[in-house]
$ cat protein_32.cif   # mmCIF, C-alpha atoms
data_my_file
loop_
_atom_site.label_atom_id
_atom_site.label_comp_id
_atom_site.auth_asym_id
_atom_site.auth_seq_id
_atom_site.Cartn_x
_atom_site.Cartn_y
_atom_site.Cartn_z
CA MET A 974 129.09 203.22 27.11
CA GLN A 975 129.19 199.56 27.93
CA THR A 976 127.35 198.24 30.92
CA ASP A 977 128.91 195.97 33.49
CA HIS A 978 127.02 193.05 32.05
CA GLU A 979 128.26 193.78 28.70
CA ARG A 980 131.76 193.98 30.04
CA GLY A 981 131.32 190.53 31.59
CA ALA A 982 131.31 191.75 35.20
CA ALA A 983 129.67 189.55 37.90
CA PRO A 984 126.24 190.63 39.07
CA ALA A 985 126.04 192.39 42.40
CA PRO A 986 125.28 190.16 45.44
CA PRO A 987 122.02 190.71 47.27
CA PRO A 988 122.09 193.02 50.21
CA ARG A 989 123.57 191.39 53.34
CA GLY A 990 120.94 192.82 55.63
CA ARG A 991 117.98 191.05 53.95
CA ARG A 992 119.69 187.61 53.93
CA GLY A 993 120.60 187.82 57.60
CA ARG A 994 117.04 188.75 58.53
CA ARG A 995 115.65 185.65 56.77
CA THR A 996 118.02 183.36 58.71
CA VAL A 997 116.99 184.89 62.02
CA LEU A 998 113.26 184.42 61.22
CA VAL A 999 113.72 180.73 60.40
CA ALA A 1000 115.61 180.12 63.61
CA SER A 1001 112.99 181.93 65.65
CA ALA A 1002 110.23 179.79 64.15
CA LEU A 1003 112.05 176.63 65.12
CA VAL A 1004 112.42 177.83 68.72
CA VAL A 1005 108.73 178.67 68.98
CA VAL A 1006 107.67 175.23 67.66
CA THR A 1007 110.01 173.50 70.07
CA ALA A 1008 108.70 175.50 73.02
CA VAL A 1009 105.09 174.71 72.18
CA ALA A 1010 105.92 171.02 71.90
CA VAL A 1011 107.61 171.07 75.30
CA VAL A 1012 104.71 172.94 76.90
CA GLY A 1013 102.24 170.51 75.39
CA ALA A 1014 104.22 167.54 76.61
CA LEU A 1015 104.35 168.93 80.13
CA GLY A 1016 100.66 169.75 80.20
CA LEU A 1017 101.34 173.42 80.83
CA GLY A 1018 99.57 174.77 77.79
CA GLY A 1019 96.72 177.25 77.79
CA GLY A 1020 93.07 176.53 78.22
CA GLY A 1021 91.98 174.64 75.20
CA ALA A 1022 89.99 172.09 77.33
CA GLU A 1023 86.25 172.31 77.30
CA ASP A 1024 85.88 171.75 81.07
CA GLY A 1025 88.15 174.64 81.88
CA SER A 1026 90.28 172.47 84.22
CA SER A 1027 93.95 173.26 84.40
CA ALA A 1028 94.79 169.56 84.89
CA PRO A 1029 95.14 167.37 81.81
CA PRO A 1030 92.82 164.34 81.39
CA ARG A 1031 94.02 161.34 83.45
CA SER A 1032 93.38 157.65 83.08
CA GLY A 1033 91.62 155.60 85.77
CA SER A 1034 88.08 155.44 87.06
CA THR A 1035 86.56 157.39 89.92
CA VAL A 1036 84.46 155.99 92.77
CA PRO A 1037 82.56 157.67 95.60
CA VAL A 1038 83.48 157.53 99.27
CA THR A 1039 80.69 155.49 100.90
CA ARG A 1040 79.50 154.97 104.45
CA SER A 1041 79.04 151.30 105.41
CA THR A 1042 79.93 148.53 107.85
CA LEU A 1043 83.21 146.66 107.47
CA THR A 1044 83.53 143.12 108.76
CA GLU A 1045 86.86 141.37 109.05
CA ARG A 1046 86.63 137.67 108.15
CA THR A 1047 89.40 135.15 108.78
CA THR A 1048 89.72 131.60 107.46
CA VAL A 1049 91.41 128.76 109.32
CA ASP A 1050 91.81 125.04 108.60
CA GLY A 1051 89.69 122.41 110.32
CA GLN A 1052 88.93 118.70 110.20
CA LEU A 1053 85.47 117.25 109.60
CA GLY A 1054 84.62 114.07 111.50
CA TYR A 1055 82.67 112.63 114.39
CA GLY A 1056 84.96 113.97 117.10
CA THR A 1057 87.37 112.25 119.43
CA GLU A 1058 86.69 108.57 120.12
CA ILE A 1059 86.01 107.82 123.79
CA PRO A 1060 86.27 104.42 125.51
CA LEU A 1061 82.92 102.92 126.51
CA PRO A 1062 82.68 102.56 130.30
CA VAL A 1063 82.06 98.80 130.17
CA LYS A 1064 82.01 97.28 133.67
CA ALA A 1065 81.23 93.71 132.65
CA THR A 1066 83.97 91.18 133.30
CA GLY A 1067 84.69 88.09 131.28
CA THR A 1068 85.43 87.14 127.69
CA VAL A 1069 84.39 89.23 124.68
CA THR A 1070 82.18 87.01 122.52
CA TRP A 1071 80.74 89.55 120.03
CA LEU A 1072 81.69 93.01 118.76
CA PRO A 1073 79.80 95.41 116.43
CA VAL A 1074 81.28 96.72 113.20
CA GLU A 1075 82.97 100.11 113.23
CA GLY A 1076 80.67 102.95 112.24
CA ARG A 1077 77.49 101.24 113.40
CA THR A 1078 74.91 103.40 115.21
CA VAL A 1079 73.48 102.00 118.46
CA GLU A 1080 70.36 103.48 120.07
CA ARG A 1081 68.68 103.02 123.44
CA GLY A 1082 68.10 99.34 124.15
CA GLY A 1083 70.63 98.22 121.53
CA THR A 1084 73.48 95.81 122.19
CA LEU A 1085 76.96 97.34 122.34
CA LEU A 1086 78.87 94.07 122.70
CA ARG A 1087 78.49 90.65 124.33
CA VAL A 1088 80.56 89.43 127.27
CA ASP A 1089 80.35 85.75 128.19
CA ASP A 1090 77.52 85.72 125.62
CA ARG A 1091 75.52 88.23 127.68
CA PRO A 1092 74.50 91.50 126.00
CA VAL A 1093 75.77 94.82 127.30
CA VAL A 1094 72.89 97.21 126.59
CA LEU A 1095 72.99 100.96 125.87
CA LEU A 1096 70.69 103.19 127.91
CA TYR A 1097 70.46 106.98 128.00
CA GLY A 1098 71.63 108.98 131.00
CA THR A 1099 74.47 110.91 132.58
CA LEU A 1100 74.89 108.99 135.85
CA PRO A 1101 77.25 106.02 135.46
CA MET A 1102 76.17 102.54 136.51
CA TYR A 1103 77.90 102.00 139.85
CA ARG A 1104 75.88 99.27 141.61
CA ASP A 1105 73.42 96.46 141.01
CA LEU A 1106 69.76 97.46 140.90
CA GLY A 1107 67.11 95.21 142.39
CA LEU A 1108 65.23 94.20 145.50
CA THR A 1109 67.70 93.98 148.34
CA ALA A 1110 67.84 92.79 151.94
CA GLY A 1111 69.05 94.82 154.90
CA ALA A 1112 69.25 98.59 155.26
CA GLY A 1113 72.27 100.15 153.62
CA GLN A 1114 73.46 103.12 151.59
CA GLY A 1115 70.82 104.22 149.09
CA THR A 1116 68.05 102.13 150.68
CA ARG A 1117 65.12 102.73 152.95
CA GLN A 1118 63.07 100.26 154.97
CA ASP A 1119 59.51 99.48 153.90
CA ASP A 1120 56.63 101.22 155.66
CA GLY A 1121 56.10 99.64 159.12
CA ASN A 1122 59.49 97.92 159.16
CA GLU A 1123 61.28 100.84 160.76
CA GLY A 1124 59.31 100.19 163.96
CA ASP A 1125 60.10 96.50 163.62
CA ALA A 1126 63.79 97.22 163.57
CA GLN A 1127 63.51 99.33 166.70
CA GLY A 1128 61.51 96.55 168.40
CA ASN A 1129 64.23 94.07 167.47
CA ALA A 1130 66.87 96.30 168.94
CA GLN A 1131 64.90 96.70 172.19
CA GLY A 1132 64.08 93.01 172.41
CA ASN A 1133 67.72 92.04 171.91
CA ALA A 1134 68.80 94.50 174.54
CA GLN A 1135 66.33 92.92 177.02
CA GLY A 1136 67.27 89.40 176.02
CA THR A 1137 63.76 88.68 174.76
CA GLY A 1138 64.60 88.10 171.06
CA ASP A 1139 61.58 88.87 168.83
CA GLN A 1140 59.22 89.88 171.59
CA GLY A 1141 59.34 93.51 170.37
CA LEU A 1142 57.98 92.59 166.89
CA PRO A 1143 54.30 93.19 166.12
CA ASP A 1144 52.40 90.02 165.22
CA ASP A 1145 51.42 91.20 161.72
CA ALA A 1146 55.00 92.06 160.84
CA SER A 1147 56.35 88.73 162.01
CA LYS A 1148 53.71 86.90 159.99
CA ALA A 1149 53.93 88.99 156.80
CA PRO A 1150 55.17 86.85 153.88
CA ALA A 1151 58.08 88.03 151.76
CA PRO A 1152 57.02 89.65 148.46
CA SER A 1153 57.20 87.46 145.40
CA GLY A 1154 60.51 87.69 143.60
CA SER A 1155 62.37 89.35 146.48
CA PRO A 1156 65.61 87.83 147.71
CA THR A 1157 65.62 86.00 150.98
CA PRO A 1158 67.10 88.23 153.65
CA GLY A 1159 70.56 86.76 153.92
CA GLY A 1160 71.49 86.04 157.47
CA ALA A 1161 68.55 87.94 158.83
CA GLY A 1162 66.64 84.99 160.21
CA ALA A 1163 63.16 85.61 161.56
CA GLY A 1164 64.12 89.10 162.64
CA GLY A 1165 65.49 90.23 159.19
CA THR A 1166 63.96 93.20 157.34
CA ARG A 1167 63.48 93.88 153.64
CA SER A 1168 64.48 97.30 152.34
CA THR A 1169 63.79 99.17 149.12
CA LEU A 1170 66.62 100.46 146.94
CA ARG A 1171 66.38 104.20 146.33
CA GLY A 1172 68.38 106.78 144.42
CA MET A 1173 68.75 108.86 141.28
CA ASP A 1174 70.27 105.87 139.50
CA VAL A 1175 66.99 104.02 140.07
CA LEU A 1176 65.04 106.92 138.56
CA GLN A 1177 67.37 107.00 135.56
CA PHE A 1178 67.04 103.26 134.96
CA GLU A 1179 63.26 103.23 135.39
CA SER A 1180 62.94 106.10 132.90
CA ASN A 1181 64.78 104.02 130.31
CA LEU A 1182 62.77 100.90 131.09
CA ALA A 1183 59.53 102.80 130.56
CA ALA A 1184 60.85 104.39 127.35
CA LEU A 1185 61.53 100.88 126.00
CA GLY A 1186 57.90 99.94 126.63
CA TYR A 1187 58.24 97.99 129.88
CA THR A 1188 55.75 99.67 132.19
CA GLY A 1189 53.46 98.77 135.08
CA PHE A 1190 55.40 100.61 137.76
CA THR A 1191 55.83 104.19 138.95
CA VAL A 1192 58.88 105.96 137.54
CA ASP A 1193 60.50 107.32 140.66
CA GLU A 1194 63.54 106.79 142.86
CA GLU A 1195 62.33 103.50 144.37
CA PHE A 1196 63.04 100.04 142.99
CA THR A 1197 59.90 98.10 143.93
CA ASP A 1198 58.37 94.69 143.24
CA LEU A 1199 56.61 96.18 140.25
CA THR A 1200 59.95 97.44 138.91
CA ALA A 1201 61.42 93.98 139.31
CA ARG A 1202 58.56 92.43 137.34
CA ALA A 1203 59.17 94.86 134.46
CA VAL A 1204 62.90 94.02 134.59
CA LYS A 1205 62.06 90.32 134.24
CA ARG A 1206 60.06 90.99 131.09
CA TRP A 1207 62.95 93.03 129.70
CA GLN A 1208 65.44 90.29 130.56
CA LYS A 1209 63.26 87.71 128.82
CA SER A 1210 63.35 89.76 125.60
CA LEU A 1211 67.16 89.80 125.79
CA GLY A 1212 67.40 86.05 126.36
CA LEU A 1213 68.73 86.50 129.89
CA PRO A 1214 67.79 84.71 133.10
CA GLN A 1215 64.76 86.46 134.59
CA THR A 1216 66.22 87.48 137.94
CA GLY A 1217 64.61 90.90 138.26
CA THR A 1218 68.02 92.34 139.18
CA VAL A 1219 70.20 94.47 136.86
CA GLY A 1220 73.90 93.85 137.25
CA VAL A 1221 76.43 96.69 137.25
CA GLY A 1222 77.92 95.35 134.01
CA ASP A 1223 74.63 94.79 132.19
CA VAL A 1224 74.15 98.35 130.92
CA VAL A 1225 76.19 101.35 129.79
CA TYR A 1226 74.83 104.90 129.89
CA SER A 1227 75.45 107.65 127.35
CA ALA A 1228 73.84 111.02 126.65
CA GLY A 1229 72.24 109.65 123.46
CA LYS A 1230 72.76 107.24 120.61
CA VAL A 1231 76.37 106.44 119.77
CA ARG A 1232 78.51 105.61 116.76
CA ILE A 1233 80.84 102.67 117.30
CA GLY A 1234 84.53 103.42 116.93
CA HIS A 1235 87.38 100.93 116.87
CA ALA A 1236 87.70 97.85 119.05
CA GLY A 1237 90.64 97.64 121.42
CA VAL A 1238 90.52 93.82 121.74
CA ARG A 1239 89.77 90.80 119.62
CA LEU A 1240 87.06 88.22 120.05
CA GLY A 1241 88.03 85.80 122.79
CA SER A 1242 90.03 88.38 124.70
CA ALA A 1243 89.24 89.53 128.20
CA VAL A 1244 87.37 92.80 128.67
CA THR A 1245 89.67 95.79 129.17
CA GLU A 1246 89.06 99.47 129.86
CA GLU A 1247 89.39 100.23 126.14
CA VAL A 1248 87.48 97.26 124.79
CA LEU A 1249 85.42 99.54 122.52
CA THR A 1250 85.36 103.26 121.67
CA TYR A 1251 82.51 105.44 120.54
CA THR A 1252 81.63 108.92 119.32
CA GLY A 1253 78.46 110.90 118.81
CA THR A 1254 76.47 110.34 115.63
CA SER A 1255 76.61 113.93 114.36
CA ARG A 1256 79.48 115.19 112.23
CA LYS A 1257 81.38 118.15 113.55
CA VAL A 1258 84.52 120.15 112.86
CA VAL A 1259 87.56 120.49 115.10
CA VAL A 1260 89.89 123.47 114.65
CA ASN A 1261 93.25 123.80 116.36
CA ALA A 1262 93.02 127.54 116.90
CA SER A 1263 95.95 129.71 117.87
CA ALA A 1264 95.83 130.29 121.61
CA ALA A 1265 96.90 133.90 121.01
CA GLU A 1266 94.12 134.58 118.48
CA ASP A 1267 91.15 132.58 119.78
CA SER A 1268 88.95 135.51 120.80
CA TRP A 1269 86.53 134.50 118.02
CA ALA A 1270 86.05 131.08 119.60
CA VAL A 1271 83.13 131.83 121.91
CA ARG A 1272 80.45 129.26 122.60
CA GLY A 1273 77.48 129.95 120.34
CA ALA A 1274 79.47 132.02 117.81
CA ALA A 1275 78.37 131.48 114.20
CA VAL A 1276 80.90 130.38 111.57
CA THR A 1277 80.86 129.26 107.94
CA ILE A 1278 82.36 125.88 107.01
CA GLY A 1279 83.80 125.43 103.53
CA LEU A 1280 83.54 121.86 102.22
CA PRO A 1281 85.92 120.22 99.72
CA ASP A 1282 83.26 120.37 96.96
CA GLY A 1283 83.11 124.16 97.19
CA LYS A 1284 79.82 124.27 99.08
CA SER A 1285 79.50 125.89 102.50
CA VAL A 1286 77.36 125.12 105.56
CA LYS A 1287 76.62 127.02 108.74
CA GLY A 1288 78.27 125.97 111.99
CA GLU A 1289 78.30 127.01 115.62
CA VAL A 1290 81.07 126.92 118.21
CA ALA A 1291 80.09 124.27 120.77
CA SER A 1292 83.15 124.09 123.01
CA VAL A 1293 86.63 125.53 123.41
CA GLY A 1294 89.47 123.63 125.03
CA LYS A 1295 90.99 125.12 128.16
CA LYS A 1296 94.40 123.54 127.72
CA ALA A 1297 96.79 124.90 125.10
CA THR A 1298 99.25 122.49 123.51
CA ALA A 1299 102.24 123.07 121.26
CA PRO A 1300 102.21 121.27 117.88
CA GLU A 1301 104.45 118.26 117.52
CA ALA A 1302 107.89 118.79 116.05
CA GLY A 1303 107.95 118.30 112.31
CA GLY A 1304 104.22 118.74 112.12
CA GLY A 1305 104.49 120.21 108.64
CA GLU A 1306 105.95 122.92 106.47
CA GLY A 1307 105.28 126.37 107.80
CA ASP A 1308 104.52 125.14 111.31
CA SER A 1309 105.04 128.16 113.55
CA GLY A 1310 105.12 126.14 116.75
CA ALA A 1311 102.54 128.43 118.39
CA PRO A 1312 100.35 126.80 121.08
CA THR A 1313 96.81 125.93 120.01
CA VAL A 1314 93.51 125.07 121.67
CA PRO A 1315 90.91 122.70 120.21
CA VAL A 1316 87.66 124.34 119.11
CA THR A 1317 84.69 122.06 118.38
CA ILE A 1318 82.09 123.30 115.90
CA THR A 1319 78.71 121.61 115.46
CA ILE A 1320 76.67 121.43 112.25
CA LYS A 1321 72.90 121.62 112.62
CA ASP A 1322 72.05 120.72 109.01
CA GLN A 1323 73.72 117.30 108.74
CA LYS A 1324 72.15 116.63 105.33
CA ALA A 1325 74.00 119.62 103.88
CA VAL A 1326 77.31 117.85 104.52
CA GLY A 1327 76.34 115.01 102.20
CA ARG A 1328 78.01 111.64 102.63
CA LEU A 1329 81.35 112.97 103.83
CA GLU A 1330 82.46 111.41 107.08
CA SER A 1331 85.99 112.80 107.26
CA ALA A 1332 87.64 115.58 105.27
CA PRO A 1333 89.79 118.71 105.60
CA VAL A 1334 87.63 121.84 105.61
CA THR A 1335 87.96 125.58 106.14
CA VAL A 1336 86.26 127.62 108.83
CA GLU A 1337 85.51 131.29 108.27
CA TYR A 1338 84.75 133.43 111.30
CA VAL A 1339 84.06 137.10 111.94
CA GLY A 1340 86.87 138.98 113.63
CA ARG A 1341 86.62 142.74 114.07
CA GLU A 1342 83.74 144.85 112.82
CA ARG A 1343 83.39 148.60 112.22
CA THR A 1344 79.94 150.07 111.73
CA ASP A 1345 78.94 153.33 110.02
CA VAL A 1346 82.40 154.31 108.76
CA LEU A 1347 83.65 155.96 105.55
CA THR A 1348 85.19 153.43 103.16
CA VAL A 1349 86.87 153.29 99.76
CA PRO A 1350 88.32 150.42 97.70
CA VAL A 1351 91.80 149.50 98.84
CA ALA A 1352 93.02 150.18 95.28
CA ALA A 1353 92.18 153.88 95.72
CA LEU A 1354 94.90 154.38 98.35
CA VAL A 1355 98.10 156.08 97.22
CA ALA A 1356 101.38 156.49 99.09
CA LEU A 1357 102.24 160.10 99.80
CA ALA A 1358 105.77 161.45 99.41
CA GLU A 1359 105.71 162.85 102.94
CA GLY A 1360 104.61 159.47 104.30
CA GLY A 1361 101.28 157.85 105.04
CA HIS A 1362 98.35 157.31 102.70
CA GLY A 1363 96.13 159.59 100.71
CA LEU A 1364 93.41 159.76 98.08
CA GLU A 1365 93.46 161.48 94.72
CA THR A 1366 90.37 163.55 94.03
CA ALA A 1367 88.70 163.75 90.62
CA ASP A 1368 90.33 167.16 89.95
CA GLY A 1369 93.85 165.83 90.59
CA ARG A 1370 94.33 166.98 94.17
CA PHE A 1371 95.75 164.67 96.87
CA VAL A 1372 94.32 164.57 100.39
CA ALA A 1373 95.87 162.75 103.32
CA VAL A 1374 93.75 160.13 105.11
CA LYS A 1375 94.06 157.87 108.13
CA THR A 1376 93.32 154.20 107.46
CA GLY A 1377 91.44 151.84 109.78
CA LEU A 1378 90.05 148.35 109.24
CA PHE A 1379 90.75 146.51 105.97
CA ALA A 1380 88.04 144.03 104.94
CA ASP A 1381 86.39 142.64 101.82
CA GLY A 1382 88.60 144.68 99.50
CA ARG A 1383 87.73 147.99 101.16
CA VAL A 1384 89.40 150.13 103.80
CA GLU A 1385 88.14 152.49 106.46
CA VAL A 1386 89.34 156.08 105.90
CA SER A 1387 89.04 159.25 107.92
CA GLY A 1388 90.35 162.80 107.78
CA SER A 1389 89.22 166.44 107.72
CA ALA A 1390 89.18 166.53 103.91
CA VAL A 1391 87.20 163.30 103.41
CA ARG A 1392 83.42 163.29 103.19
CA GLU A 1393 80.71 160.87 102.10
CA GLY A 1394 79.98 160.96 98.35
CA MET A 1395 83.32 162.55 97.49
CA LYS A 1396 84.77 161.24 94.19
CA VAL A 1397 88.23 159.70 94.33
CA ARG A 1398 90.34 158.23 91.57
CA ILE A 1399 91.56 154.66 91.32
CA PRO A 1400 94.91 154.89 89.54
CA GLU A 1401 95.66 152.40 86.79
#
$ encode --input "protein_32.cif" --output "structure tokens"
Amino acid sequence: MQTDHERGAAPAPPPRGRRGRRTVLVASALVVVTAVAVVGALGLGGGGAEDGSSAPPRSGSTVPVTRSTLTERTTVDGQLGYGTEIPLPVKATGTVTWLPVEGRTVERGGTLLRVDDRPVVLLYGTLPMYRDLGLTAGAGQGTRQDDGNEGDAQGNAQGNAQGTGDQGLPDDASKAPAPSGSPTPGGAGAGGTRSTLRGMDVLQFESNLAALGYTGFTVDEEFTDLTARAVKRWQKSLGLPQTGTVGVGDVVYSAGKVRIGHAGVRLGSAVTEEVLTYTGTSRKVVVNASAAEDSWAVRGAAVTIGLPDGKSVKGEVASVGKKATAPEAGGGEGDSGAPTVPVTITIKDQKAVGRLESAPVTVEYVGRERTDVLTVPVAALVALAEGGHGLETADGRFVAVKTGLFADGRVEVSGSAVREGMKVRIPE
């Protein structure tokens, strides 16, 4: 009997059930691989991590929550210089015959200018020169009669009332010679009296005279013969007539040495109220501070001044203006038009400023301050979906926090879930 092969018949196909099972297995393997890939991509896979954490490793560093003091510092623009120039209170009248150069420093006893070729001298004091100082005749404002002369005056008054002239005068008073150098009592005749000039302006002038080395008198409120003699020696050193009397225009008082500013007249012109200006000799900084944000500007407050060369010096608020002014129109780009007050800042270490006499500078001052608070770097804050801010912990949790003061790259944080030493993540 011939077999099917021998008869040329086609071989039998494999069983359908085995082929279908192989196809199903291949498809199932593909599904499993795909699922594992998806789970791995989503970070939902099983615990293969050594730390046992369910969260996958994340990038970014962690920092601790620390307790410290935060200080808010603000920087504003200022101008370095010698301050506002003020007119010298020159009371001399006449023609200006000499002027100092701008920027010159004048100390006590120095010449500020010359009027009619007479020096106008700088002295130290706060009381302005308002009258001539010298030996004077007749009792008047700021004078007192010499010892024994008060009774003479009363005797004169009684004698005149009785029509007896000088009969009321004691013999020694009527025969007493006038002190050397004293003016003749104008219009007083034989019954005139000599009086002594008194006042705080006398004390101020005598203090300066003694400081310049002209002594021999008592520094007090009385201008005496001895004072007049010292004045004559002083006048001789200045090349002036030795009268013993100081004219109201001969001196100018200031609180200390001065730096000459600009001249308001030319040589040969008449003296005016603004013939010459001056400033102090110490450099200072003036800041036009916002009137709405000038709480930092308190007399004695410490500040840091940034110089153009990058160096910084310490300063102190000396005065704050009481009148707010609006900036001029077109004062510059970004001008908000907010009223400002002038704040003057002094510099104790003048050598630290170098040779700069005028320059734009910055002034850094301390605003608010929070002590003993929890802080983190500002970069650690994250915005929460439900609103507000939060922190991400090292294990991937998010905790809500309330923010406070921002300063020096850190921020004050608080909340029931925040504690000192807690590790938080700074996201990349």
$ closest_atom_pairs --input "protein_32.cif" --of "segment 1166-1268 of chain A" --to "segment 1106-1110 of chain A" --cutoff "7 Å" --atoms "all atoms listed in the file" --output "JSON lines"
{"residue": "A:Thr1166", "atom": "CA", "partner": "A:Ala1110", "partner_atom": "CA", "distance": 6.7}
{"residue": "A:Arg1167", "atom": "CA", "partner": "A:Ala1110", "partner_atom": "CA", "distance": 4.8}
{"residue": "A:Ser1168", "atom": "CA", "partner": "A:Ala1110", "partner_atom": "CA", "distance": 5.6}
{"residue": "A:Thr1169", "atom": "CA", "partner": "A:Leu1108", "partner_atom": "CA", "distance": 6.3}
{"residue": "A:Leu1170", "atom": "CA", "partner": "A:Leu1108", "partner_atom": "CA", "distance": 6.6}
{"residue": "A:Phe1196", "atom": "CA", "partner": "A:Gly1107", "partner_atom": "CA", "distance": 6.3}
{"residue": "A:Thr1197", "atom": "CA", "partner": "A:Leu1108", "partner_atom": "CA", "distance": 6.8}
{"residue": "A:Ala1201", "atom": "CA", "partner": "A:Gly1107", "partner_atom": "CA", "distance": 6.6}
{"residue": "A:Gly1217", "atom": "CA", "partner": "A:Gly1107", "partner_atom": "CA", "distance": 6.5}
{"residue": "A:Thr1218", "atom": "CA", "partner": "A:Gly1107", "partner_atom": "CA", "distance": 4.4}
{"residue": "A:Val1219", "atom": "CA", "partner": "A:Leu1106", "partner_atom": "CA", "distance": 5.0}
{"residue": "A:Gly1220", "atom": "CA", "partner": "A:Leu1106", "partner_atom": "CA", "distance": 6.6}
$ write_last_selection --input "protein_32.cif" --atoms "C-alpha atoms" --output "CSV table (one decimal), in the coordinates of the input"
chain,number,residue,atom,x,y,z
A,1166,THR,CA,64.0,93.2,157.3
A,1167,ARG,CA,63.5,93.9,153.6
A,1168,SER,CA,64.5,97.3,152.3
A,1169,THR,CA,63.8,99.2,149.1
A,1170,LEU,CA,66.6,100.5,146.9
A,1196,PHE,CA,63.0,100.0,143.0
A,1197,THR,CA,59.9,98.1,143.9
A,1201,ALA,CA,61.4,94.0,139.3
A,1217,GLY,CA,64.6,90.9,138.3
A,1218,THR,CA,68.0,92.3,139.2
A,1219,VAL,CA,70.2,94.5,136.9
A,1220,GLY,CA,73.9,93.8,137.2
$ resolve_selection --input "protein_32.cif" --expression "the PyMOL selection byres ((chain A and resi 1372-1382) around 9)" --output "MDAnalysis selection string"
chainID A and resid 1043:1046 1341:1343 1349:1352 1354 1357 1361:1366 1370:1371 1383:1391
$ resolve_selection --input "protein_32.cif" --expression "the PyMOL selection byres ((chain A and resi 1200) around 8)" --output "compact mmCIF listing (two decimals) with C-alpha atoms, in the coordinates of the input"
# COMPACT_ATOMS: atom_id res chain seq x y z
CA GLU A 1179 63.26 103.23 135.39
CA GLY A 1189 53.46 98.77 135.08
CA PHE A 1190 55.40 100.61 137.76
CA THR A 1191 55.83 104.19 138.95
CA PHE A 1196 63.04 100.04 142.99
CA THR A 1197 59.90 98.10 143.93
CA ASP A 1198 58.37 94.69 143.24
CA LEU A 1199 56.61 96.18 140.25
CA ALA A 1201 61.42 93.98 139.31
CA ARG A 1202 58.56 92.43 137.34
CA ALA A 1203 59.17 94.86 134.46
CA VAL A 1204 62.90 94.02 134.59
$ resolve_selection --input "protein_32.cif" --expression "the PyMOL selection byres ((chain A and resi 1086) around 10)" --output "VMD selection string"
chain A and resid 1063 1069 to 1073 1083 to 1085 1087 to 1088 1090 to 1095 1248 to 1249
$ atom_distance --input "protein_32.cif" --atom1 "atom CA of Ser1268 of chain A" --atom2 "atom CA of Gly1340 of chain A"
8.2 Å
$ residues_near_point --input "protein_32.cif" --point "(69.2, 105.0, 122.0)" --cutoff "7 Å" --atoms "only C-alpha atoms" --output "list in words"
Val1079, Glu1080, Arg1081, Gly1082, Gly1083, Leu1095, Leu1096, Tyr1097, Gly1229 and Lys1230 of chain A
$ closest_residue --input "protein_32.cif" --among "A:Lys1257, A:His1235, A:Lys1296, A:Arg1398" --to "Ile1059 of chain A" --atoms "only C-alpha atoms"
A:His1235
$ residues_near_point --input "protein_32.cif" --point "(63.7, 105.1, 143.8)" --cutoff "8 Å" --atoms "only C-alpha atoms" --output "JSON list (two decimals) with C-alpha atoms, keeping the file's coordinate frame"
[["chain", "number", "residue", "atom", "x", "y", "z"],
["A", 1169, "THR", "CA", 63.79, 99.17, 149.12],
["A", 1170, "LEU", "CA", 66.62, 100.46, 146.94],
["A", 1171, "ARG", "CA", 66.38, 104.20, 146.33],
["A", 1172, "GLY", "CA", 68.38, 106.78, 144.42],
["A", 1173, "MET", "CA", 68.75, 108.86, 141.28],
["A", 1174, "ASP", "CA", 70.27, 105.87, 139.50],
["A", 1175, "VAL", "CA", 66.99, 104.02, 140.07],
["A", 1176, "LEU", "CA", 65.04, 106.92, 138.56],
["A", 1192, "VAL", "CA", 58.88, 105.96, 137.54],
["A", 1193, "ASP", "CA", 60.50, 107.32, 140.66],
["A", 1194, "GLU", "CA", 63.54, 106.79, 142.86],
["A", 1195, "GLU", "CA", 62.33, 103.50, 144.37],
["A", 1196, "PHE", "CA", 63.04, 100.04, 142.99],
["A", 1197, "THR", "CA", 59.90, 98.10, 143.93]]
$ atom_distance --input "protein_32.cif" --atom1 "atom CA of Leu1182 of chain A" --atom2 "atom CA of Trp1207 of chain A"
8.0 Å
$ atom_distance --input "protein_32.cif" --atom1 "atom CA of Ser1331 of chain A" --atom2 "atom CA of Asp1267 of chain A"
24.0 Å
$ closest_residue --input "protein_32.cif" --among "A:Ala1183, A:Val1049, A:Asp1089, A:Asp1282" --to "Ala1270 of chain A" --atoms "all atoms listed in the file"
A:Val1049
